[in-house]
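A.B. asks: Handing over model_6.pdb, PDB, C-alpha atoms, pLDDT in the B column.
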```
MODEL        1
ATOM      1  CA  MET A 446     140.104 143.117 118.041  1.00 42.00           C
ATOM      2  CA  LYS A 447     137.643 140.662 119.479  1.00 38.00           C
ATOM      3  CA  ARG A 448     136.358 137.633 117.574  1.00 41.00           C
ATOM      4  CA  ASN A 449     132.723 138.743 117.720  1.00 41.00           C
ATOM      5  CA  LEU A 450     133.447 142.131 116.098  1.00 40.00           C
ATOM      6  CA  LEU A 451     135.343 140.547 113.210  1.00 43.00           C
ATOM      7  CA  ARG A 452     132.629 137.947 112.670  1.00 41.00           C
ATOM      8  CA  LEU A 453     130.059 140.758 112.716  1.00 40.00           C
ATOM      9  CA  LEU A 454     131.963 142.520 109.928  1.00 44.00           C
ATOM     10  CA  VAL A 455     132.010 139.333 107.857  1.00 41.00           C
ATOM     11  CA  GLY A 456     128.314 138.761 108.374  1.00 45.00           C
ATOM     12  CA  LEU A 457     127.445 142.376 107.639  1.00 43.00           C
ATOM     13  CA  MET A 458     129.360 142.427 104.377  1.00 47.00           C
ATOM     14  CA  ALA A 459     127.924 139.092 103.283  1.00 42.00           C
ATOM     15  CA  ALA A 460     124.380 140.204 104.079  1.00 39.00           C
ATOM     16  CA  LEU A 461     124.786 143.507 102.257  1.00 42.00           C
ATOM     17  CA  CYS A 462     126.347 141.820  99.240  1.00 42.00           C
ATOM     18  CA  VAL A 463     123.527 139.286  99.045  1.00 34.00           C
ATOM     19  CA  PHE A 464     120.889 142.008  99.377  1.00 34.00           C
ATOM     20  CA  ILE A 465     122.462 144.263  96.765  1.00 35.00           C
ATOM     21  CA  GLY A 466     123.180 141.277  94.548  1.00 36.00           C
ATOM     22  CA  LEU A 467     119.469 140.517  94.446  1.00 30.00           C
ATOM     23  CA  THR A 468     118.866 144.018  93.122  1.00 33.00           C
ATOM     24  CA  GLY A 469     121.678 143.806  90.565  1.00 34.00           C
ATOM     25  CA  GLY A 470     124.213 145.952  92.416  1.00 39.00           C
ATOM     26  CA  CYS A 471     126.787 143.377  93.520  1.00 39.00           C
ATOM     27  CA  GLY A 472     128.925 141.342  91.169  1.00 39.00           C
ATOM     28  CA  LEU A 473     131.345 141.530  88.299  1.00 41.00           C
ATOM     29  CA  VAL A 474     130.970 144.382  85.867  1.00 43.00           C
ATOM     30  CA  GLY A 475     130.093 142.927  82.483  1.00 41.00           C
ATOM     31  CA  ASP A 476     127.595 140.559  80.924  1.00 41.00           C
ATOM     32  CA  GLY A 477     126.833 137.243  82.640  1.00 42.00           C
ATOM     33  CA  THR A 478     124.957 134.198  81.404  1.00 40.00           C
ATOM     34  CA  ASP A 479     122.860 131.542  83.109  1.00 40.00           C
ATOM     35  CA  ALA A 480     125.587 129.033  82.285  1.00 40.00           C
ATOM     36  CA  ASP A 481     128.130 131.200  84.079  1.00 43.00           C
ATOM     37  CA  ARG A 482     125.946 131.384  87.185  1.00 43.00           C
ATOM     38  CA  ASP A 483     125.270 127.638  87.237  1.00 51.00           C
ATOM     39  CA  ALA A 484     128.889 126.544  86.808  1.00 51.00           C
ATOM     40  CA  PRO A 485     131.233 126.129  89.792  1.00 57.00           C
ATOM     41  CA  VAL A 486     133.308 129.290  90.194  1.00 70.00           C
ATOM     42  CA  THR A 487     136.972 129.136  91.157  1.00 86.00           C
ATOM     43  CA  PHE A 488     139.016 132.087  92.392  1.00 87.00           C
ATOM     44  CA  GLY A 489     140.577 132.577  88.976  1.00 89.00           C
ATOM     45  CA  ASP A 490     137.244 132.256  87.169  1.00 90.00           C
ATOM     46  CA  TYR A 491     135.868 135.102  89.237  1.00 92.00           C
ATOM     47  CA  TRP A 492     138.801 137.449  89.787  1.00 93.00           C
ATOM     48  CA  TYR A 493     141.128 136.994  86.790  1.00 92.00           C
ATOM     49  CA  GLN A 494     138.747 138.088  84.043  1.00 90.00           C
ATOM     50  CA  GLY A 495     139.812 141.727  83.794  1.00 89.00           C
ATOM     51  CA  LYS A 496     136.596 142.822  85.494  1.00 93.00           C
ATOM     52  CA  ALA A 497     135.790 144.547  88.782  1.00 95.00           C
ATOM     53  CA  GLU A 498     133.292 143.821  91.544  1.00 96.00           C
ATOM     54  CA  ILE A 499     131.311 146.906  92.545  1.00 96.00           C
ATOM     55  CA  THR A 500     129.093 147.137  95.628  1.00 95.00           C
ATOM     56  CA  SER A 501     127.206 150.222  96.806  1.00 96.00           C
ATOM     57  CA  TYR A 502     126.070 151.041 100.334  1.00 96.00           C
ATOM     58  CA  THR A 503     124.158 153.628 102.291  1.00 96.00           C
ATOM     59  CA  LEU A 504     126.745 155.302 104.525  1.00 94.00           C
ATOM     60  CA  LYS A 505     126.680 156.541 108.105  1.00 92.00           C
ATOM     61  CA  GLN A 506     129.999 158.353 108.589  1.00 91.00           C
ATOM     62  CA  ALA A 507     131.282 159.569 111.954  1.00 89.00           C
ATOM     63  CA  ARG A 508     132.891 163.010 111.758  1.00 85.00           C
ATOM     64  CA  TYR A 509     133.166 165.894 114.217  1.00 85.00           C
ATOM     65  CA  GLY A 510     131.308 163.949 116.889  1.00 87.00           C
ATOM     66  CA  ASP A 511     128.217 163.243 114.761  1.00 90.00           C
ATOM     67  CA  LEU A 512     126.979 160.677 112.246  1.00 93.00           C
ATOM     68  CA  HIS A 513     126.449 161.950 108.709  1.00 93.00           C
ATOM     69  CA  ASP A 514     124.437 160.351 105.895  1.00 94.00           C
ATOM     70  CA  GLY A 515     126.181 159.540 102.646  1.00 95.00           C
ATOM     71  CA  ASP A 516     126.997 156.952 100.012  1.00 97.00           C
ATOM     72  CA  ALA A 517     129.827 154.426  99.771  1.00 96.00           C
ATOM     73  CA  VAL A 518     131.068 152.329  96.861  1.00 97.00           C
ATOM     74  CA  LEU A 519     133.570 149.462  97.178  1.00 97.00           C
ATOM     75  CA  ILE A 520     135.420 148.476  94.002  1.00 97.00           C
ATOM     76  CA  PHE A 521     137.480 145.266  94.092  1.00 97.00           C
ATOM     77  CA  VAL A 522     139.759 144.193  91.235  1.00 97.00           C
ATOM     78  CA  THR A 523     142.905 142.084  90.871  1.00 96.00           C
ATOM     79  CA  GLU A 524     146.077 143.649  89.489  1.00 96.00           C
ATOM     80  CA  ASP A 525     149.732 142.867  88.895  1.00 96.00           C
ATOM     81  CA  PHE A 526     151.698 144.918  91.403  1.00 96.00           C
ATOM     82  CA  SER A 527     155.372 145.723  91.855  1.00 96.00           C
ATOM     83  CA  ALA A 528     156.606 144.521  95.247  1.00 95.00           C
ATOM     84  CA  GLN A 529     159.592 146.869  95.054  1.00 94.00           C
ATOM     85  CA  LYS A 530     158.073 150.050  93.605  1.00 96.00           C
ATOM     86  CA  GLN A 531     154.582 149.337  94.987  1.00 96.00           C
ATOM     87  CA  VAL A 532     152.779 150.534  91.870  1.00 96.00           C
ATOM     88  CA  LYS A 533     150.702 148.778  89.225  1.00 95.00           C
ATOM     89  CA  LEU A 534     152.976 147.087  86.712  1.00 95.00           C
ATOM     90  CA  ASP A 535     152.802 148.212  83.090  1.00 95.00           C
ATOM     91  CA  ARG A 536     154.506 145.027  81.831  1.00 95.00           C
ATOM     92  CA  PRO A 537     153.943 142.258  84.396  1.00 93.00           C
ATOM     93  CA  ASP A 538     155.274 139.583  82.030  1.00 93.00           C
ATOM     94  CA  GLU A 539     158.681 141.276  82.179  1.00 95.00           C
ATOM     95  CA  ALA A 540     158.737 141.889  85.944  1.00 94.00           C
ATOM     96  CA  GLY A 541     159.832 138.423  87.067  1.00 94.00           C
ATOM     97  CA  ASP A 542     159.802 137.894  90.835  1.00 93.00           C
ATOM     98  CA  ASP A 543     158.889 141.548  91.397  1.00 95.00           C
ATOM     99  CA  ALA A 544     155.333 140.872  90.164  1.00 95.00           C
ATOM    100  CA  VAL A 545     152.763 140.261  92.908  1.00 96.00           C
ATOM    101  CA  LYS A 546     149.088 139.492  92.367  1.00 96.00           C
ATOM    102  CA  VAL A 547     147.038 141.828  94.563  1.00 97.00           C
ATOM    103  CA  LEU A 548     143.380 142.400  95.267  1.00 97.00           C
ATOM    104  CA  LYS A 549     142.920 146.153  95.096  1.00 98.00           C
ATOM    105  CA  LEU A 550     140.123 147.893  96.933  1.00 98.00           C
ATOM    106  CA  ASN A 551     139.061 151.410  96.009  1.00 98.00           C
ATOM    107  CA  ALA A 552     136.631 152.522  98.721  1.00 97.00           C
ATOM    108  CA  LEU A 553     134.813 155.758  97.896  1.00 97.00           C
ATOM    109  CA  ARG A 554     132.775 157.693 100.447  1.00 96.00           C
ATOM    110  CA  ASN A 555     130.728 160.842  99.914  1.00 95.00           C
ATOM    111  CA  PHE A 556     128.954 162.638 102.748  1.00 95.00           C
ATOM    112  CA  ASN A 557     128.101 166.115 103.997  1.00 92.00           C
ATOM    113  CA  THR A 558     129.029 167.598 107.366  1.00 90.00           C
ATOM    114  CA  GLY A 559     126.444 170.333 107.484  1.00 83.00           C
ATOM    115  CA  VAL A 560     127.348 172.962 104.912  1.00 84.00           C
ATOM    116  CA  TYR A 561     130.157 171.373 102.936  1.00 87.00           C
ATOM    117  CA  PRO A 562     130.701 167.972 101.299  1.00 94.00           C
ATOM    118  CA  TYR A 563     133.447 165.406 101.841  1.00 94.00           C
ATOM    119  CA  THR A 564     134.854 163.170  99.104  1.00 96.00           C
ATOM    120  CA  VAL A 565     137.073 160.363 100.408  1.00 96.00           C
ATOM    121  CA  MET A 566     138.870 157.537  98.628  1.00 97.00           C
ATOM    122  CA  THR A 567     140.925 154.783 100.244  1.00 97.00           C
ATOM    123  CA  SER A 568     142.933 152.266  98.211  1.00 98.00           C
ATOM    124  CA  ALA A 569     144.368 149.059  99.669  1.00 98.00           C
ATOM    125  CA  PHE A 570     146.643 146.652  97.796  1.00 98.00           C
ATOM    126  CA  THR A 571     146.533 143.226  99.453  1.00 97.00           C
ATOM    127  CA  PRO A 572     148.480 140.250  98.040  1.00 96.00           C
ATOM    128  CA  VAL A 573     146.357 137.342  96.843  1.00 95.00           C
ATOM    129  CA  TYR A 574     148.885 134.725  97.960  1.00 93.00           C
ATOM    130  CA  ARG A 575     149.234 135.566 101.631  1.00 90.00           C
ATOM    131  CA  ASP A 576     151.648 132.696 102.280  1.00 89.00           C
ATOM    132  CA  LEU A 577     154.216 134.568 100.165  1.00 91.00           C
ATOM    133  CA  HIS A 578     153.220 138.119 101.108  1.00 92.00           C
ATOM    134  CA  PRO A 579     151.186 138.080 104.338  1.00 92.00           C
ATOM    135  CA  LYS A 580     150.712 141.850 104.726  1.00 93.00           C
ATOM    136  CA  THR A 581     148.985 144.517 102.652  1.00 96.00           C
ATOM    137  CA  LEU A 582     151.709 146.253 100.653  1.00 97.00           C
ATOM    138  CA  LYS A 583     150.257 149.740 100.296  1.00 98.00           C
ATOM    139  CA  ILE A 584     147.363 151.885 101.528  1.00 98.00           C
ATOM    140  CA  THR A 585     146.465 155.400 100.409  1.00 98.00           C
ATOM    141  CA  THR A 586     143.683 157.776 101.398  1.00 97.00           C
ATOM    142  CA  SER A 587     142.793 161.176  99.973  1.00 97.00           C
ATOM    143  CA  VAL A 588     140.230 163.557 101.472  1.00 95.00           C
ATOM    144  CA  GLN A 589     138.758 166.546  99.663  1.00 95.00           C
ATOM    145  CA  GLU A 590     136.416 169.056 101.266  1.00 92.00           C
ATOM    146  CA  TRP A 591     135.768 172.774 100.987  1.00 91.00           C
ATOM    147  CA  CYS A 592     138.477 173.761 103.480  1.00 89.00           C
ATOM    148  CA  GLY A 593     141.184 171.879 101.574  1.00 91.00           C
ATOM    149  CA  HIS A 594     142.501 168.384 101.076  1.00 91.00           C
ATOM    150  CA  ALA A 595     144.702 165.811 102.802  1.00 94.00           C
ATOM    151  CA  PHE A 596     146.573 162.681 101.735  1.00 96.00           C
ATOM    152  CA  VAL A 597     148.198 159.773 103.566  1.00 96.00           C
ATOM    153  CA  GLN A 598     150.154 156.802 102.202  1.00 97.00           C
ATOM    154  CA  LEU A 599     151.414 153.673 103.972  1.00 97.00           C
ATOM    155  CA  ASN A 600     154.092 151.518 102.334  1.00 97.00           C
ATOM    156  CA  LEU A 601     155.252 148.186 103.744  1.00 96.00           C
ATOM    157  CA  GLN A 602     159.042 148.256 103.991  1.00 93.00           C
ATOM    158  CA  ASP A 603     161.145 145.727 105.907  1.00 90.00           C
ATOM    159  CA  GLY A 604     158.160 144.542 107.915  1.00 89.00           C
ATOM    160  CA  ARG A 605     157.098 148.043 109.009  1.00 93.00           C
ATOM    161  CA  TYR A 606     154.770 150.631 107.524  1.00 96.00           C
ATOM    162  CA  ARG A 607     156.373 153.886 106.428  1.00 96.00           C
ATOM    163  CA  VAL A 608     153.808 156.690 106.534  1.00 95.00           C
ATOM    164  CA  HIS A 609     153.755 159.889 104.482  1.00 96.00           C
ATOM    165  CA  GLN A 610     151.057 162.334 105.541  1.00 95.00           C
ATOM    166  CA  TYR A 611     150.172 165.679 103.976  1.00 95.00           C
ATOM    167  CA  SER A 612     147.462 168.072 105.116  1.00 93.00           C
ATOM    168  CA  TYR A 613     146.482 171.720 105.098  1.00 89.00           C
ATOM    169  CA  PHE A 614     146.056 171.483 108.907  1.00 87.00           C
ATOM    170  CA  GLU A 615     149.197 172.496 110.791  1.00 85.00           C
ATOM    171  CA  SER A 616     148.685 169.818 113.439  1.00 84.00           C
ATOM    172  CA  GLU A 617     148.439 166.997 110.860  1.00 81.00           C
ATOM    173  CA  GLY A 618     151.108 167.593 108.249  1.00 75.00           C
ATOM    174  CA  ASP A 619     153.445 167.399 106.623  1.00 89.00           C
ATOM    175  CA  ARG A 620     155.164 164.449 108.287  1.00 92.00           C
ATOM    176  CA  VAL A 621     156.895 161.110 107.784  1.00 94.00           C
ATOM    177  CA  ALA A 622     156.705 158.318 110.355  1.00 93.00           C
ATOM    178  CA  GLU A 623     157.123 154.569 110.819  1.00 94.00           C
ATOM    179  CA  LEU A 624     154.630 152.227 112.455  1.00 92.00           C
ATOM    180  CA  GLU A 625     155.374 148.960 114.188  1.00 83.00           C
ATOM    181  CA  ASN A 626     154.291 145.719 112.553  1.00 80.00           C
ATOM    182  CA  ALA A 627     150.513 145.571 113.044  1.00 91.00           C
ATOM    183  CA  ILE A 628     147.370 144.793 111.058  1.00 93.00           C
ATOM    184  CA  PRO A 629     145.948 147.778 109.148  1.00 95.00           C
ATOM    185  CA  GLU A 630     142.240 148.273 109.727  1.00 95.00           C
ATOM    186  CA  ASP A 631     141.960 149.234 106.044  1.00 96.00           C
ATOM    187  CA  GLU A 632     142.843 145.674 104.947  1.00 95.00           C
ATOM    188  CA  ILE A 633     139.874 144.056 106.700  1.00 95.00           C
ATOM    189  CA  TRP A 634     137.652 144.387 103.620  1.00 94.00           C
ATOM    190  CA  THR A 635     140.194 142.836 101.234  1.00 96.00           C
ATOM    191  CA  THR A 636     140.855 140.009 103.690  1.00 95.00           C
ATOM    192  CA  ILE A 637     137.121 139.286 103.841  1.00 94.00           C
ATOM    193  CA  ARG A 638     136.936 139.089 100.044  1.00 93.00           C
ATOM    194  CA  LEU A 639     140.037 136.885  99.784  1.00 93.00           C
ATOM    195  CA  ASN A 640     139.459 134.535 102.713  1.00 92.00           C
ATOM    196  CA  PRO A 641     137.234 135.387 105.699  1.00 92.00           C
ATOM    197  CA  ASP A 642     138.807 132.550 107.696  1.00 92.00           C
ATOM    198  CA  ALA A 643     142.104 134.467 107.594  1.00 90.00           C
ATOM    199  CA  LEU A 644     140.705 137.234 109.803  1.00 91.00           C
ATOM    200  CA  PRO A 645     142.617 137.358 113.093  1.00 88.00           C
ATOM    201  CA  THR A 646     140.877 136.501 116.333  1.00 90.00           C
ATOM    202  CA  GLY A 647     141.663 137.279 119.941  1.00 92.00           C
ATOM    203  CA  GLU A 648     143.755 140.246 121.025  1.00 92.00           C
ATOM    204  CA  VAL A 649     145.654 141.794 118.094  1.00 91.00           C
ATOM    205  CA  SER A 650     147.426 145.069 117.374  1.00 92.00           C
ATOM    206  CA  MET A 651     145.839 147.171 114.635  1.00 93.00           C
ATOM    207  CA  ILE A 652     146.681 150.355 112.765  1.00 94.00           C
ATOM    208  CA  PRO A 653     143.543 152.548 112.751  1.00 92.00           C
ATOM    209  CA  GLY A 654     141.894 153.301 109.419  1.00 91.00           C
ATOM    210  CA  THR A 655     143.420 156.164 107.456  1.00 89.00           C
ATOM    211  CA  LEU A 656     140.261 158.313 107.392  1.00 76.00           C
TER     212      LEU A 656
ENDMDL
END
```
Rewrite the structure from the file as structure tokens, please.
C.D. replies:
Amino acid sequence: MKRNLLRLLVGLMAALCVFIGLTGGCGLVGDGTDADRDAPVTFGDYWYQGKAEITSYTLKQARYGDLHDGDAVLIFVTEDFSAQKQVKLDRPDEAGDDAVKVLKLNALRNFNTGVYPYTVMTSAFTPVYRDLHPKTLKITTSVQEWCGHAFVQLNLQDGRYRVHQYSYFESEGDRVAELENAIPEDEIWTTIRLNPDALPTGEVSMIPGTL
């Protein structure tokens, strides 16, 4: 992906967050004070408070060769994640080295394609400390619409993504596959929230988004 496209994504998200923040739609869920806003904020001060950041957008979704109006909500929150099982830990204090701090994104999209509605949710689990775990560990997407539903899950295993895909369409599922080591498009948003400077530049290999 070219440098200018990635920088455009960073600028777009920052601009939208600032705009929505001015109207009260971007920030941590919970009560804030003037003292909180005036004080310098570290990563832990912002993300390790047991709260989530919620941002809403007006959506233009491409589907079936057309653009469709809809709504999108991005929910970011940190969690303790199991590197081995790749699920949220119930008892992180007992997990030892298996515990990984991740920034989880739940991206919800709702739109209509003419007669029937689509409900889509993508979850990405990206490690906070990228020097220890440089790749997103898990990505899932579920799609519900009036014809049926579909689900896809990517798990990072031994440097490759193992894909499980299920669908009511014969041509799409059910199947299991492996993808070469590449950057998932679905981790761009979590990378922007963690460290925009970590976005790759130049020619890179990417795994297309799971929608």
A.B. asks: Restricting the calculation to all atoms listed in the file, which member of A:Lys546, A:Lys530, A:His594, A:Arg605 is positioned closest to Tyr574 in chain A?
C.D. replies: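 Distance minimum relative to Tyr574 in chain A lands on A:Lys546.
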A.B. asks: If you count only C-alpha atoms, which residues fall within 7 Å of Gln531 in chain A, apart from same-chain ones fewer than 4 positions away, as a ChimeraX atom specification?
C.D. replies: /A:526-527,583
A.B. asks: Write the residues you've just listed into a file as an mmCIF file, keeping the file's coordinate frame, and include C-alpha atoms for each of them.
C.D. replies:
```
data_model
loop_
_atom_site.group_PDB
_atom_site.id
_atom_site.type_symbol
_atom_site.label_atom_id
_atom_site.label_comp_id
_atom_site.auth_asym_id
_atom_site.auth_seq_id
_atom_site.Cartn_x
_atom_site.Cartn_y
_atom_site.Cartn_z
ATOM 1 C CA PHE A 526 151.698 144.918 91.403
ATOM 2 C CA SER A 527 155.372 145.723 91.855
ATOM 3 C CA LYS A 583 150.257 149.740 100.296
#
```
A.B. asks: Given the PyMOL selection byres ((chain A and resi 565) around 12) and the file above, list the residues it selects as an MDAnalysis selection string.
C.D. replies: chainID A and resid 506 515:519 551:557 562:564 566:568 585:590 594:597 655:656
A.B. asks: Grab the residues selected above and save them as a PDB file, in the coordinates of the input with C-alpha atoms.
C.D. replies:
```pdb
ATOM      1  CA  GLN A 506     129.999 158.353 108.589  1.00 91.00           C
ATOM      2  CA  GLY A 515     126.181 159.540 102.646  1.00 95.00           C
ATOM      3  CA  ASP A 516     126.997 156.952 100.012  1.00 97.00           C
ATOM      4  CA  ALA A 517     129.827 154.426  99.771  1.00 96.00           C
ATOM      5  CA  VAL A 518     131.068 152.329  96.861  1.00 97.00           C
ATOM      6  CA  LEU A 519     133.570 149.462  97.178  1.00 97.00           C
ATOM      7  CA  ASN A 551     139.061 151.410  96.009  1.00 98.00           C
ATOM      8  CA  ALA A 552     136.631 152.522  98.721  1.00 97.00           C
ATOM      9  CA  LEU A 553     134.813 155.758  97.896  1.00 97.00           C
ATOM     10  CA  ARG A 554     132.775 157.693 100.447  1.00 96.00           C
ATOM     11  CA  ASN A 555     130.728 160.842  99.914  1.00 95.00           C
ATOM     12  CA  PHE A 556     128.954 162.638 102.748  1.00 95.00           C
ATOM     13  CA  ASN A 557     128.101 166.115 103.997  1.00 92.00           C
ATOM     14  CA  PRO A 562     130.701 167.972 101.299  1.00 94.00           C
ATOM     15  CA  TYR A 563     133.447 165.406 101.841  1.00 94.00           C
ATOM     16  CA  THR A 564     134.854 163.170  99.104  1.00 96.00           C
ATOM     17  CA  MET A 566     138.870 157.537  98.628  1.00 97.00           C
ATOM     18  CA  THR A 567     140.925 154.783 100.244  1.00 97.00           C
ATOM     19  CA  SER A 568     142.933 152.266  98.211  1.00 98.00           C
ATOM     20  CA  THR A 585     146.465 155.400 100.409  1.00 98.00           C
ATOM     21  CA  THR A 586     143.683 157.776 101.398  1.00 97.00           C
ATOM     22  CA  SER A 587     142.793 161.176  99.973  1.00 97.00           C
ATOM     23  CA  VAL A 588     140.230 163.557 101.472  1.00 95.00           C
ATOM     24  CA  GLN A 589     138.758 166.546  99.663  1.00 95.00           C
ATOM     25  CA  GLU A 590     136.416 169.056 101.266  1.00 92.00           C
ATOM     26  CA  HIS A 594     142.501 168.384 101.076  1.00 91.00           C
ATOM     27  CA  ALA A 595     144.702 165.811 102.802  1.00 94.00           C
ATOM     28  CA  PHE A 596     146.573 162.681 101.735  1.00 96.00           C
ATOM     29  CA  VAL A 597     148.198 159.773 103.566  1.00 96.00           C
ATOM     30  CA  THR A 655     143.420 156.164 107.456  1.00 89.00           C
ATOM     31  CA  LEU A 656     140.261 158.313 107.392  1.00 76.00           C
TER      32      LEU A 656
END
```
A.B. asks: Written as a PDB file with C-alpha atoms, keeping the file's coordinate frame, which residues does the PyMOL selection byres ((chain A and resi 545) around 12) give for the file shown?
C.D. replies:
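What follows is the written file part25.pdb:
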```pdb
ATOM      1  CA  THR A 523     142.905 142.084  90.871  1.00 96.00           C
ATOM      2  CA  GLU A 524     146.077 143.649  89.489  1.00 96.00           C
ATOM      3  CA  ASP A 525     149.732 142.867  88.895  1.00 96.00           C
ATOM      4  CA  PHE A 526     151.698 144.918  91.403  1.00 96.00           C
ATOM      5  CA  SER A 527     155.372 145.723  91.855  1.00 96.00           C
ATOM      6  CA  ALA A 528     156.606 144.521  95.247  1.00 95.00           C
ATOM      7  CA  GLN A 529     159.592 146.869  95.054  1.00 94.00           C
ATOM      8  CA  LYS A 530     158.073 150.050  93.605  1.00 96.00           C
ATOM      9  CA  GLN A 531     154.582 149.337  94.987  1.00 96.00           C
ATOM     10  CA  VAL A 532     152.779 150.534  91.870  1.00 96.00           C
ATOM     11  CA  LYS A 533     150.702 148.778  89.225  1.00 95.00           C
ATOM     12  CA  LEU A 534     152.976 147.087  86.712  1.00 95.00           C
ATOM     13  CA  PRO A 537     153.943 142.258  84.396  1.00 93.00           C
ATOM     14  CA  ASP A 538     155.274 139.583  82.030  1.00 93.00           C
ATOM     15  CA  ALA A 540     158.737 141.889  85.944  1.00 94.00           C
ATOM     16  CA  GLY A 541     159.832 138.423  87.067  1.00 94.00           C
ATOM     17  CA  ASP A 542     159.802 137.894  90.835  1.00 93.00           C
ATOM     18  CA  ASP A 543     158.889 141.548  91.397  1.00 95.00           C
ATOM     19  CA  ALA A 544     155.333 140.872  90.164  1.00 95.00           C
ATOM     20  CA  LYS A 546     149.088 139.492  92.367  1.00 96.00           C
ATOM     21  CA  VAL A 547     147.038 141.828  94.563  1.00 97.00           C
ATOM     22  CA  LEU A 548     143.380 142.400  95.267  1.00 97.00           C
ATOM     23  CA  LYS A 549     142.920 146.153  95.096  1.00 98.00           C
ATOM     24  CA  PHE A 570     146.643 146.652  97.796  1.00 98.00           C
ATOM     25  CA  THR A 571     146.533 143.226  99.453  1.00 97.00           C
ATOM     26  CA  PRO A 572     148.480 140.250  98.040  1.00 96.00           C
ATOM     27  CA  VAL A 573     146.357 137.342  96.843  1.00 95.00           C
ATOM     28  CA  TYR A 574     148.885 134.725  97.960  1.00 93.00           C
ATOM     29  CA  ARG A 575     149.234 135.566 101.631  1.00 90.00           C
ATOM     30  CA  LEU A 577     154.216 134.568 100.165  1.00 91.00           C
ATOM     31  CA  HIS A 578     153.220 138.119 101.108  1.00 92.00           C
ATOM     32  CA  PRO A 579     151.186 138.080 104.338  1.00 92.00           C
ATOM     33  CA  THR A 581     148.985 144.517 102.652  1.00 96.00           C
ATOM     34  CA  LEU A 582     151.709 146.253 100.653  1.00 97.00           C
TER      35      LEU A 582
END
```
A.B. asks: Any idea what's packed within 9 Å of Asn626 in chain A, counting all atoms listed in the file, ignoring anything in its chain fewer than 4 positions away? Could you give it as a list in words?
C.D. replies: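 The contact residues come out as Gly604, Arg605, Tyr606, Ser650, Met651 and Ile652 of chain A.
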A.B. asks: Please report the interatomic distance between CA of Pro641 in chain A and CA of Arg607 in chain A in Å with one decimal.
C.D. replies: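 Here the two named atoms are 26.6 Å from each other.
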A.B. asks: Calculated over all atoms listed in the file, which of the candidates A:Ile637, A:Thr558, A:Glu648, A:Glu498 has the smallest distance to Asp514 in chain A?
C.D. replies: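 For Asp514 in chain A, the nearest of the given residues is A:Thr558.
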A.B. asks: For CA of Trp591 in chain A and CA of Tyr561 in chain A, determine how far apart the two atoms are, in Å to one decimal place.
C.D. replies: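 Going from CA of Trp591 in chain A over to CA of Tyr561 in chain A covers 6.1 Å.
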A.B. asks: Figure out the distance between CA of Ala643 in chain A and CA of Leu550 in chain A, please, to one decimal in Å.
C.D. replies: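 Interatomic distance, CA of Leu550 in chain A to CA of Ala643 in chain A: 17.3 Å.
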A.B. asks: Kindly add N, CA and C atoms to the incomplete range 644-656 of chain A and provide the output as a PDB file, in the coordinates of the input.
C.D. replies:
```pdb
ATOM      1  N   LEU A 644     140.826 136.122 108.863  1.00 91.00           N
ATOM      2  CA  LEU A 644     140.705 137.234 109.803  1.00 91.00           C
ATOM      3  C   LEU A 644     141.267 136.828 111.163  1.00 91.00           C
ATOM      4  N   PRO A 645     142.042 137.701 111.786  1.00 88.00           N
ATOM      5  CA  PRO A 645     142.617 137.358 113.093  1.00 88.00           C
ATOM      6  C   PRO A 645     141.542 137.342 114.168  1.00 88.00           C
ATOM      7  N   THR A 646     141.776 136.556 115.187  1.00 90.00           N
ATOM      8  CA  THR A 646     140.877 136.501 116.333  1.00 90.00           C
ATOM      9  C   THR A 646     141.683 136.722 117.605  1.00 90.00           C
ATOM     10  N   GLY A 647     140.981 137.019 118.684  1.00 92.00           N
ATOM     11  CA  GLY A 647     141.663 137.279 119.941  1.00 92.00           C
ATOM     12  C   GLY A 647     142.188 138.702 120.003  1.00 92.00           C
ATOM     13  N   GLU A 648     143.157 138.925 120.863  1.00 92.00           N
ATOM     14  CA  GLU A 648     143.755 140.246 121.025  1.00 92.00           C
ATOM     15  C   GLU A 648     144.831 140.455 119.963  1.00 92.00           C
ATOM     16  N   VAL A 649     144.672 141.496 119.133  1.00 91.00           N
ATOM     17  CA  VAL A 649     145.654 141.794 118.094  1.00 91.00           C
ATOM     18  C   VAL A 649     145.932 143.293 118.086  1.00 91.00           C
ATOM     19  N   SER A 650     147.080 143.658 117.549  1.00 92.00           N
ATOM     20  CA  SER A 650     147.426 145.069 117.374  1.00 92.00           C
ATOM     21  C   SER A 650     146.991 145.509 115.985  1.00 92.00           C
ATOM     22  N   MET A 651     146.333 146.677 115.913  1.00 93.00           N
ATOM     23  CA  MET A 651     145.839 147.171 114.635  1.00 93.00           C
ATOM     24  C   MET A 651     146.242 148.624 114.434  1.00 93.00           C
ATOM     25  N   ILE A 652     146.457 148.971 113.163  1.00 94.00           N
ATOM     26  CA  ILE A 652     146.681 150.355 112.765  1.00 94.00           C
ATOM     27  C   ILE A 652     145.321 150.939 112.396  1.00 94.00           C
ATOM     28  N   PRO A 653     144.872 151.994 113.048  1.00 92.00           N
ATOM     29  CA  PRO A 653     143.543 152.548 112.751  1.00 92.00           C
ATOM     30  C   PRO A 653     143.403 152.929 111.286  1.00 92.00           C
ATOM     31  N   GLY A 654     142.162 152.920 110.798  1.00 91.00           N
ATOM     32  CA  GLY A 654     141.894 153.301 109.419  1.00 91.00           C
ATOM     33  C   GLY A 654     142.413 154.695 109.110  1.00 91.00           C
ATOM     34  N   THR A 655     142.747 154.924 107.841  1.00 89.00           N
ATOM     35  CA  THR A 655     143.420 156.164 107.456  1.00 89.00           C
ATOM     36  C   THR A 655     142.490 157.353 107.293  1.00 89.00           C
ATOM     37  N   LEU A 656     141.163 157.159 107.399  1.00 76.00           N
ATOM     38  CA  LEU A 656     140.261 158.313 107.392  1.00 76.00           C
ATOM     39  C   LEU A 656     140.171 158.876 108.803  1.00 76.00           C
TER      40      LEU A 656
END
```
